[in-house]
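So this block is protein-v2.txt, compact mmCIF, C-alpha atoms:
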# COMPACT_ATOMS: atom_id res chain seq x y z
CA MET Y 1 -13.76 -11.49 -12.53
CA SER Y 2 -12.77 -8.15 -11.12
CA HIS Y 3 -13.10 -7.15 -7.49
CA ILE Y 4 -11.70 -3.67 -7.02
CA THR Y 5 -10.65 -2.85 -3.47
CA LYS Y 6 -9.50 0.44 -1.98
CA ILE Y 7 -6.96 0.03 0.81
CA LYS Y 8 -8.23 1.96 3.81
CA VAL Y 9 -5.13 3.93 4.67
CA GLU Y 10 -4.30 7.60 4.20
CA ILE Y 11 -1.01 7.90 2.34
CA ARG Y 12 0.47 11.36 2.86
CA ASP Y 13 4.13 10.70 2.11
CA LEU Y 14 5.22 8.80 -0.98
CA ASN Y 15 8.72 8.27 0.43
CA VAL Y 16 7.23 6.56 3.50
CA LEU Y 17 5.16 4.35 1.16
CA LYS Y 18 8.36 3.45 -0.71
CA ASP Y 19 10.00 2.51 2.62
CA ALA Y 20 6.94 0.41 3.54
CA CYS Y 21 7.21 -1.40 0.20
CA ALA Y 22 10.92 -2.08 0.74
CA ARG Y 23 10.13 -3.39 4.24
CA LEU Y 24 7.80 -5.99 2.68
CA ASP Y 25 10.07 -6.73 -0.30
CA PHE Y 26 7.50 -5.15 -2.63
CA GLU Y 27 8.74 -3.18 -5.62
CA PHE Y 28 7.58 0.45 -5.87
CA LYS Y 29 7.37 1.26 -9.60
CA GLU Y 30 7.58 5.03 -9.78
CA GLY Y 31 5.83 6.58 -12.76
CA GLN Y 32 4.15 3.36 -13.92
CA LYS Y 33 0.79 4.45 -15.36
CA LYS Y 34 -1.05 1.09 -15.58
CA ILE Y 35 -1.32 -1.92 -13.31
CA ASN Y 36 -1.76 -5.57 -14.06
CA TRP Y 37 -5.29 -6.60 -13.04
CA TRP Y 38 -8.21 -8.57 -14.52
CA GLY Y 39 -8.24 -5.89 -17.20
CA VAL Y 40 -11.94 -5.07 -17.48
CA TYR Y 41 -14.60 -4.25 -14.93
CA VAL Y 42 -17.43 -6.72 -15.42
CA GLY Y 43 -19.78 -5.28 -12.82
CA ASP Y 44 -19.76 -8.41 -10.65
CA SER Y 45 -18.98 -6.44 -7.47
CA PRO Y 46 -19.58 -2.86 -6.36
CA LEU Y 47 -16.83 -0.32 -6.90
CA PRO Y 48 -15.40 1.45 -3.86
CA GLU Y 49 -16.94 4.84 -3.12
CA GLY Y 50 -15.54 7.58 -5.34
CA VAL Y 51 -14.05 5.15 -7.89
CA ASP Y 52 -15.14 5.43 -11.52
CA ALA Y 53 -14.89 2.34 -13.73
CA SER Y 54 -13.25 4.35 -16.54
CA TYR Y 55 -10.16 4.90 -14.37
CA LEU Y 56 -9.63 1.28 -13.34
CA GLY Y 57 -6.16 -0.01 -14.08
CA LYS Y 58 -4.75 3.51 -14.40
CA CYS Y 59 -2.43 5.00 -11.79
CA ASP Y 60 0.45 7.39 -11.13
CA HIS Y 61 2.70 4.69 -9.65
CA ALA Y 62 2.39 0.96 -9.01
CA ILE Y 63 3.43 -1.61 -6.44
CA LYS Y 64 4.60 -5.02 -7.61
CA VAL Y 65 4.24 -7.82 -5.09
CA PRO Y 66 6.48 -10.88 -5.52
CA ASN Y 67 4.64 -13.98 -6.79
CA ALA Y 68 1.45 -12.00 -7.50
CA LYS Y 69 0.07 -11.58 -11.00
CA TYR Y 70 -1.81 -8.36 -10.18
CA GLU Y 71 -0.39 -5.04 -8.93
CA ILE Y 72 -1.51 -2.22 -6.64
CA GLY Y 73 -2.21 1.16 -8.22
CA VAL Y 74 -1.10 4.34 -6.43
CA THR Y 75 -3.05 7.42 -7.52
CA GLN Y 76 -2.63 10.96 -6.25
CA LYS Y 77 -5.81 12.55 -4.89
CA GLY Y 78 -4.95 16.09 -3.83
CA ASP Y 79 -2.41 15.93 -0.98
CA THR Y 80 -2.85 12.19 -0.43
CA TYR Y 81 -2.58 8.97 -2.42
CA GLU Y 82 -5.17 6.26 -2.94
CA LEU Y 83 -4.29 2.57 -3.24
CA LEU Y 84 -6.50 0.35 -5.42
CA TYR Y 85 -6.11 -3.26 -6.45
CA ASP Y 86 -8.04 -6.16 -7.89
CA SER Y 87 -8.55 -8.50 -4.95
CA TRP Y 88 -9.81 -11.46 -6.99
CA TYR Y 89 -7.94 -14.47 -5.55
CA SER Y 90 -6.27 -15.51 -8.80
CA GLY Y 91 -4.29 -12.25 -8.84
CA GLY Y 92 -2.34 -13.28 -5.76
CA LEU Y 93 -2.57 -10.01 -3.83
CA ALA Y 94 -5.08 -11.02 -1.17
CA ASP Y 95 -2.73 -13.56 0.41
CA ALA Y 96 0.32 -11.30 0.16
CA LEU Y 97 -1.44 -8.30 1.71
CA GLY Y 98 -3.39 -10.16 4.40
CA PRO Y 99 -6.97 -9.42 5.46
CA ASN Y 100 -7.92 -5.83 4.62
CA ALA Y 101 -4.33 -5.28 3.40
CA GLU Y 102 -3.17 -5.20 7.02
CA LYS Y 103 0.44 -6.06 6.17
CA LEU Y 104 0.86 -3.01 3.95
CA ILE Y 105 -1.07 -0.78 6.36
CA GLN Y 106 1.12 -1.89 9.29
CA ALA Y 107 4.31 -1.38 7.29
CA TYR Y 108 3.20 2.14 6.30
CA ALA Y 109 2.27 3.01 9.92
CA VAL Y 110 5.63 1.79 11.24
CA GLU Y 111 7.61 3.66 8.59
CA ALA Y 112 5.54 6.84 9.09
CA ALA Y 113 6.12 6.76 12.85
CA LYS Y 114 9.85 6.18 12.38
CA ALA Y 115 10.14 9.00 9.84
CA GLU Y 116 8.28 11.47 12.06
CA ALA Y 117 10.34 10.56 15.14
CA GLN Y 118 13.57 10.95 13.17
CA ARG Y 119 12.38 14.32 11.77
CA GLN Y 120 11.97 15.48 15.37
CA GLY Y 121 15.48 14.36 16.27
CA TYR Y 122 14.63 11.15 18.11
CA SER Y 123 16.38 7.78 17.83
CA VAL Y 124 14.13 4.88 16.88
CA TYR Y 125 14.71 1.24 17.77
CA GLU Y 126 12.42 -1.38 16.33
CA GLU Y 127 11.52 -4.76 17.77
CA SER Y 128 9.45 -7.46 16.04
CA LEU Y 129 7.17 -9.23 18.49
CA GLN Y 130 6.13 -12.89 18.39
CA ASP Y 131 2.56 -12.06 17.38
CA GLY Y 132 3.80 -10.29 14.24
CA SER Y 133 3.34 -6.78 15.58
CA VAL Y 134 6.12 -4.22 15.76
CA GLN Y 135 7.18 -2.26 18.82
CA LEU Y 136 8.97 1.04 18.30
CA ASN Y 137 11.12 2.46 21.07
CA ILE Y 138 11.71 6.16 20.58
CA GLN Y 139 14.39 8.03 22.55
CA VAL Y 140 15.19 11.69 22.79
CA GLU Y 141 18.79 12.43 21.79
CA ASP Y 142 20.74 14.39 24.39
Please re-express this file's structure in structure tokens.
Amino acid sequence: MSHITKIKVEIRDLNVLKDACARLDFEFKEGQKKINWWGVYVGDSPLPEGVDASYLGKCDHAIKVPNAKYEIGVTQKGDTYELLYDSWYSGGLADALGPNAEKLIQAYAVEAAKAEAQRQGYSVYEESLQDGSVQLNIQVED
């Protein structure tokens, strides 16, 4: 069974995505052109908008998640990157990513905010809260 899912996040900076992967102990595999997935689209679920079945499993880079059989494909689309994966439960990604891939989305958002603050010369202090969210404290350097 194949269930192709597009992660609803706009990736503009590949280095920030790499930092988000490191934050989650995921391995960013630069230049990997194919991902591990079910291997064939069987038409048992609709494809995400704008995704053609002939491109499934192909990518520009990949993300390997510990203890998951399947991988996440990272494909450049103009100035941004698209993240696709096979969310069928046996691949192990659904649990690792959380509902709607919220763990990866949060990690990317945190790393993007930190990178932008640092680019503007601010100091960033991070605090993990009990509910699993992250609080960033940003200070202007004197």
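Using only C-alpha atoms, the smallest distance between any of Y:Leu129, Y:Ser123, Y:Thr75, Y:Glu30 and Lys18 of chain Y comes from Y:Glu30.
Here atom CA of Gln76 of chain Y is placed at a distance of 13.7 Å from atom CA of Lys34 of chain Y.
Our summary of the geometry notes that atom CA of Gly73 of chain Y is positioned 5.2 Å from atom CA of Cys59 of chain Y.
The space separating atom CA of Val16 of chain Y from atom CA of Glu111 of chain Y comes to 5.9 Å.
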Padding of 4 Å on every side, edges along x, y and z, all listed atoms of segment 106-112 of chain Y included: what centre and edge lengths in Å, to one decimal, does that box have, as lines of an AutoDock Vina configuration file?
center_x = 4.4
center_y = 2.5
center_z = 8.8
size_x = 14.5
size_y = 16.7
size_z = 12.9
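With only C-alpha atoms as the atoms that count, the minimum distance from Ala113 of chain Y to the choices Y:Leu83, Y:Ile4, Y:Ala62, Y:Leu17 is reached by Y:Leu17.
Taking only C-alpha atoms, the non-local environment of Gly121 of chain Y within 8 Å (same-chain residues fewer than 4 positions away omitted) comprises Ala117, Val140 and Glu141 of chain Y.
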Selection file, C-alpha atoms, as a short mmCIF file (atom, residue, chain, number, x, y, z; two decimals), keeping the file's coordinate frame:
data_model
loop_
_atom_site.label_atom_id
_atom_site.label_comp_id
_atom_site.auth_asym_id
_atom_site.auth_seq_id
_atom_site.Cartn_x
_atom_site.Cartn_y
_atom_site.Cartn_z
CA ALA Y 117 10.34 10.56 15.14
CA VAL Y 140 15.19 11.69 22.79
CA GLU Y 141 18.79 12.43 21.79
#
What lies within 10 Å of Trp38 of chain Y using only C-alpha atoms, ignoring chain neighbours under 5 positions off, as a PyMOL selection string? chain Y and resi 1-4+57+69-70+85-88+90-91
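With only C-alpha atoms as the atoms that count, the minimum distance from His61 of chain Y to the choices Y:Pro46, Y:Gly39, Y:Pro99, Y:Gly31 is reached by Y:Gly31.
When all atoms listed in the file are used to measure the gap to Lys114 of chain Y, the shortest distance among Y:Thr80, Y:Ser54, Y:Gln139, Y:Ser45 belongs to Y:Gln139.
Using only C-alpha atoms, the shortest contact distance between Lys8 of chain Y and any of Y:Lys103, Y:Gln32, Y:Glu82, Y:Gly92 is found at Y:Glu82.
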Go through Y:Ser128, Y:Pro66, Y:Ile72, Y:Ala115 one by one, measure the shortest atom-to-atom distance of each to Ala101 of chain Y using all atoms listed in the file, and give the residue with the smallest value. Y:Ile72
Within 12 Å of Ala22 of chain Y, counting only C-alpha atoms, which residues show up once you throw out same-chain ones fewer than 6 positions away? Write them as a count of residues only, please. 12
Could you check which residues have any atom within 10 Å of (-19.0, 0.0, -12.4), counting only C-alpha atoms with coordinates taken straight from the file, and then list them as JSON, numbers by chain? {"Y": [4, 41, 42, 43, 44, 45, 46, 47, 48, 51, 52, 53, 54, 56]}
Take the residues from that selection and write them out as a PDB file, in the frame of the given file, keeping C-alpha atoms.
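Output (selection_28.pdb):
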ATOM      1  CA  ILE Y   4     -11.700  -3.670  -7.020  1.00  0.00           C
ATOM      2  CA  TYR Y  41     -14.600  -4.250 -14.930  1.00  0.00           C
ATOM      3  CA  VAL Y  42     -17.430  -6.720 -15.420  1.00  0.00           C
ATOM      4  CA  GLY Y  43     -19.780  -5.280 -12.820  1.00  0.00           C
ATOM      5  CA  ASP Y  44     -19.760  -8.410 -10.650  1.00  0.00           C
ATOM      6  CA  SER Y  45     -18.980  -6.440  -7.470  1.00  0.00           C
ATOM      7  CA  PRO Y  46     -19.580  -2.860  -6.360  1.00  0.00           C
ATOM      8  CA  LEU Y  47     -16.830  -0.320  -6.900  1.00  0.00           C
ATOM      9  CA  PRO Y  48     -15.400   1.450  -3.860  1.00  0.00           C
ATOM     10  CA  VAL Y  51     -14.050   5.150  -7.890  1.00  0.00           C
ATOM     11  CA  ASP Y  52     -15.140   5.430 -11.520  1.00  0.00           C
ATOM     12  CA  ALA Y  53     -14.890   2.340 -13.730  1.00  0.00           C
ATOM     13  CA  SER Y  54     -13.250   4.350 -16.540  1.00  0.00           C
ATOM     14  CA  LEU Y  56      -9.630   1.280 -13.340  1.00  0.00           C
TER      15      LEU Y  56
END
C-alpha atoms of segment 8-141 of chain Y from block above, as an mmCIF file, in the first residue's frame:
data_model
loop_
_atom_site.group_PDB
_atom_site.id
_atom_site.type_symbol
_atom_site.label_atom_id
_atom_site.label_comp_id
_atom_site.auth_asym_id
_atom_site.auth_seq_id
_atom_site.Cartn_x
_atom_site.Cartn_y
_atom_site.Cartn_z
ATOM 1 C CA LYS Y 8 2.562 21.264 4.496
ATOM 2 C CA VAL Y 9 5.547 23.476 5.155
ATOM 3 C CA GLU Y 10 7.391 25.904 2.902
ATOM 4 C CA ILE Y 11 11.087 25.065 2.940
ATOM 5 C CA ARG Y 12 13.111 28.046 1.740
ATOM 6 C CA ASP Y 13 16.501 27.275 3.253
ATOM 7 C CA LEU Y 14 18.102 23.863 2.919
ATOM 8 C CA ASN Y 15 20.614 24.633 5.684
ATOM 9 C CA VAL Y 16 17.753 25.353 8.094
ATOM 10 C CA LEU Y 17 16.160 22.034 7.076
ATOM 11 C CA LYS Y 18 19.475 20.300 7.817
ATOM 12 C CA ASP Y 19 19.522 21.953 11.268
ATOM 13 C CA ALA Y 20 15.915 20.843 11.863
ATOM 14 C CA CYS Y 21 16.888 17.280 10.956
ATOM 15 C CA ALA Y 22 19.858 17.369 13.334
ATOM 16 C CA ARG Y 23 17.577 18.717 16.076
ATOM 17 C CA LEU Y 24 15.371 15.613 15.694
ATOM 18 C CA ASP Y 25 18.287 13.188 15.216
ATOM 19 C CA PHE Y 26 17.203 12.624 11.609
ATOM 20 C CA GLU Y 27 19.884 12.133 8.971
ATOM 21 C CA PHE Y 28 19.854 14.564 6.027
ATOM 22 C CA LYS Y 29 21.194 12.631 3.018
ATOM 23 C CA GLU Y 30 22.404 15.288 0.619
ATOM 24 C CA GLY Y 31 22.278 14.311 -3.040
ATOM 25 C CA GLN Y 32 20.364 11.060 -2.483
ATOM 26 C CA LYS Y 33 18.126 10.687 -5.557
ATOM 27 C CA LYS Y 34 15.701 7.960 -4.387
ATOM 28 C CA ILE Y 35 13.889 7.265 -1.141
ATOM 29 C CA ASN Y 36 12.830 4.046 0.482
ATOM 30 C CA TRP Y 37 9.032 3.763 0.260
ATOM 31 C CA TRP Y 38 6.436 1.147 -0.721
ATOM 32 C CA GLY Y 39 8.038 1.304 -4.154
ATOM 33 C CA VAL Y 40 5.020 1.493 -6.451
ATOM 34 C CA TYR Y 41 1.931 3.664 -6.465
ATOM 35 C CA VAL Y 42 -1.067 1.343 -6.450
ATOM 36 C CA GLY Y 43 -3.744 4.021 -6.696
ATOM 37 C CA ASP Y 44 -5.293 3.184 -3.318
ATOM 38 C CA SER Y 45 -5.218 6.817 -2.161
ATOM 39 C CA PRO Y 46 -5.246 10.168 -3.953
ATOM 40 C CA LEU Y 47 -1.939 11.838 -4.707
ATOM 41 C CA PRO Y 48 -1.288 15.282 -3.240
ATOM 42 C CA GLU Y 49 -2.076 18.181 -5.560
ATOM 43 C CA GLY Y 50 0.665 18.774 -8.109
ATOM 44 C CA VAL Y 51 2.297 15.358 -7.589
ATOM 45 C CA ASP Y 52 2.681 13.046 -10.581
ATOM 46 C CA ALA Y 53 2.915 9.298 -9.961
ATOM 47 C CA SER Y 54 5.892 8.981 -12.332
ATOM 48 C CA TYR Y 55 8.044 11.028 -9.936
ATOM 49 C CA LEU Y 56 7.233 9.094 -6.764
ATOM 50 C CA GLY Y 57 10.295 7.860 -4.934
ATOM 51 C CA LYS Y 58 12.569 10.316 -6.742
ATOM 52 C CA CYS Y 59 14.103 13.316 -4.988
ATOM 53 C CA ASP Y 60 17.065 15.687 -4.818
ATOM 54 C CA HIS Y 61 17.873 14.833 -1.188
ATOM 55 C CA ALA Y 62 16.427 12.504 1.439
ATOM 56 C CA ILE Y 63 15.795 12.418 5.158
ATOM 57 C CA LYS Y 64 16.402 9.179 7.052
ATOM 58 C CA VAL Y 65 14.475 8.809 10.291
ATOM 59 C CA PRO Y 66 15.862 6.400 12.900
ATOM 60 C CA ASN Y 67 13.872 3.158 13.230
ATOM 61 C CA ALA Y 68 11.757 3.941 10.147
ATOM 62 C CA LYS Y 69 11.872 1.803 7.031
ATOM 63 C CA TYR Y 70 10.703 4.610 4.713
ATOM 64 C CA GLU Y 71 12.382 7.981 4.050
ATOM 65 C CA ILE Y 72 11.269 11.537 3.280
ATOM 66 C CA GLY Y 73 12.059 12.913 -0.174
ATOM 67 C CA VAL Y 74 13.228 16.519 -0.533
ATOM 68 C CA THR Y 75 12.634 17.936 -4.020
ATOM 69 C CA GLN Y 76 13.457 21.422 -5.244
ATOM 70 C CA LYS Y 77 10.520 23.316 -6.732
ATOM 71 C CA GLY Y 78 11.812 26.688 -7.908
ATOM 72 C CA ASP Y 79 13.039 28.644 -4.867
ATOM 73 C CA THR Y 80 11.503 26.240 -2.354
ATOM 74 C CA TYR Y 81 11.641 22.544 -1.487
ATOM 75 C CA GLU Y 82 8.807 20.048 -1.248
ATOM 76 C CA LEU Y 83 8.770 17.182 1.258
ATOM 77 C CA LEU Y 84 7.000 13.944 0.294
ATOM 78 C CA TYR Y 85 6.802 10.620 2.067
ATOM 79 C CA ASP Y 86 4.843 7.401 2.116
ATOM 80 C CA SER Y 87 2.745 7.632 5.274
ATOM 81 C CA TRP Y 88 1.589 4.006 5.267
ATOM 82 C CA TYR Y 89 1.994 2.880 8.899
ATOM 83 C CA SER Y 90 4.391 0.018 8.178
ATOM 84 C CA GLY Y 91 7.015 2.504 6.958
ATOM 85 C CA GLY Y 92 7.410 3.946 10.445
ATOM 86 C CA LEU Y 93 7.343 7.633 9.530
ATOM 87 C CA ALA Y 94 3.878 8.544 10.799
ATOM 88 C CA ASP Y 95 4.789 7.880 14.439
ATOM 89 C CA ALA Y 96 8.201 9.552 14.174
ATOM 90 C CA LEU Y 97 6.825 12.703 12.530
ATOM 91 C CA GLY Y 98 3.638 13.037 14.589
ATOM 92 C CA PRO Y 99 0.227 14.082 13.264
ATOM 93 C CA ASN Y 100 0.581 16.094 10.045
ATOM 94 C CA ALA Y 101 4.384 15.891 10.464
ATOM 95 C CA GLU Y 102 4.163 18.465 13.258
ATOM 96 C CA LYS Y 103 7.494 17.474 14.820
ATOM 97 C CA LEU Y 104 9.435 18.247 11.644
ATOM 98 C CA ILE Y 105 7.406 21.396 10.970
ATOM 99 C CA GLN Y 106 8.055 22.692 14.504
ATOM 100 C CA ALA Y 107 11.768 21.903 14.269
ATOM 101 C CA TYR Y 108 12.005 23.758 10.938
ATOM 102 C CA ALA Y 109 10.106 26.780 12.327
ATOM 103 C CA VAL Y 110 12.347 26.975 15.404
ATOM 104 C CA GLU Y 111 15.545 26.682 13.370
ATOM 105 C CA ALA Y 112 14.316 29.236 10.798
ATOM 106 C CA ALA Y 113 13.473 31.751 13.535
ATOM 107 C CA LYS Y 114 16.855 31.229 15.200
ATOM 108 C CA ALA Y 115 18.726 31.602 11.913
ATOM 109 C CA GLU Y 116 16.896 34.809 10.993
ATOM 110 C CA ALA Y 117 17.425 36.343 14.445
ATOM 111 C CA GLN Y 118 21.130 35.494 14.323
ATOM 112 C CA ARG Y 119 21.402 36.958 10.790
ATOM 113 C CA GLN Y 120 20.047 40.209 12.204
ATOM 114 C CA GLY Y 121 22.602 40.208 15.014
ATOM 115 C CA TYR Y 122 20.370 39.036 17.854
ATOM 116 C CA SER Y 123 21.187 36.474 20.545
ATOM 117 C CA VAL Y 124 18.771 33.568 20.776
ATOM 118 C CA TYR Y 125 18.052 31.528 23.892
ATOM 119 C CA GLU Y 126 15.841 28.489 23.618
ATOM 120 C CA GLU Y 127 13.666 26.925 26.282
ATOM 121 C CA SER Y 128 11.730 23.647 25.969
ATOM 122 C CA LEU Y 129 8.360 23.865 27.683
ATOM 123 C CA GLN Y 130 6.541 21.039 29.464
ATOM 124 C CA ASP Y 131 3.892 20.750 26.745
ATOM 125 C CA GLY Y 132 6.574 20.008 24.138
ATOM 126 C CA SER Y 133 6.578 23.474 22.604
ATOM 127 C CA VAL Y 134 9.659 25.642 22.318
ATOM 128 C CA GLN Y 135 10.020 29.210 23.512
ATOM 129 C CA LEU Y 136 12.653 31.390 21.879
ATOM 130 C CA ASN Y 137 13.957 34.431 23.709
ATOM 131 C CA ILE Y 138 15.603 36.863 21.328
ATOM 132 C CA GLN Y 139 17.784 39.725 22.574
ATOM 133 C CA VAL Y 140 19.344 42.631 20.773
ATOM 134 C CA GLU Y 141 23.124 42.716 21.226
#
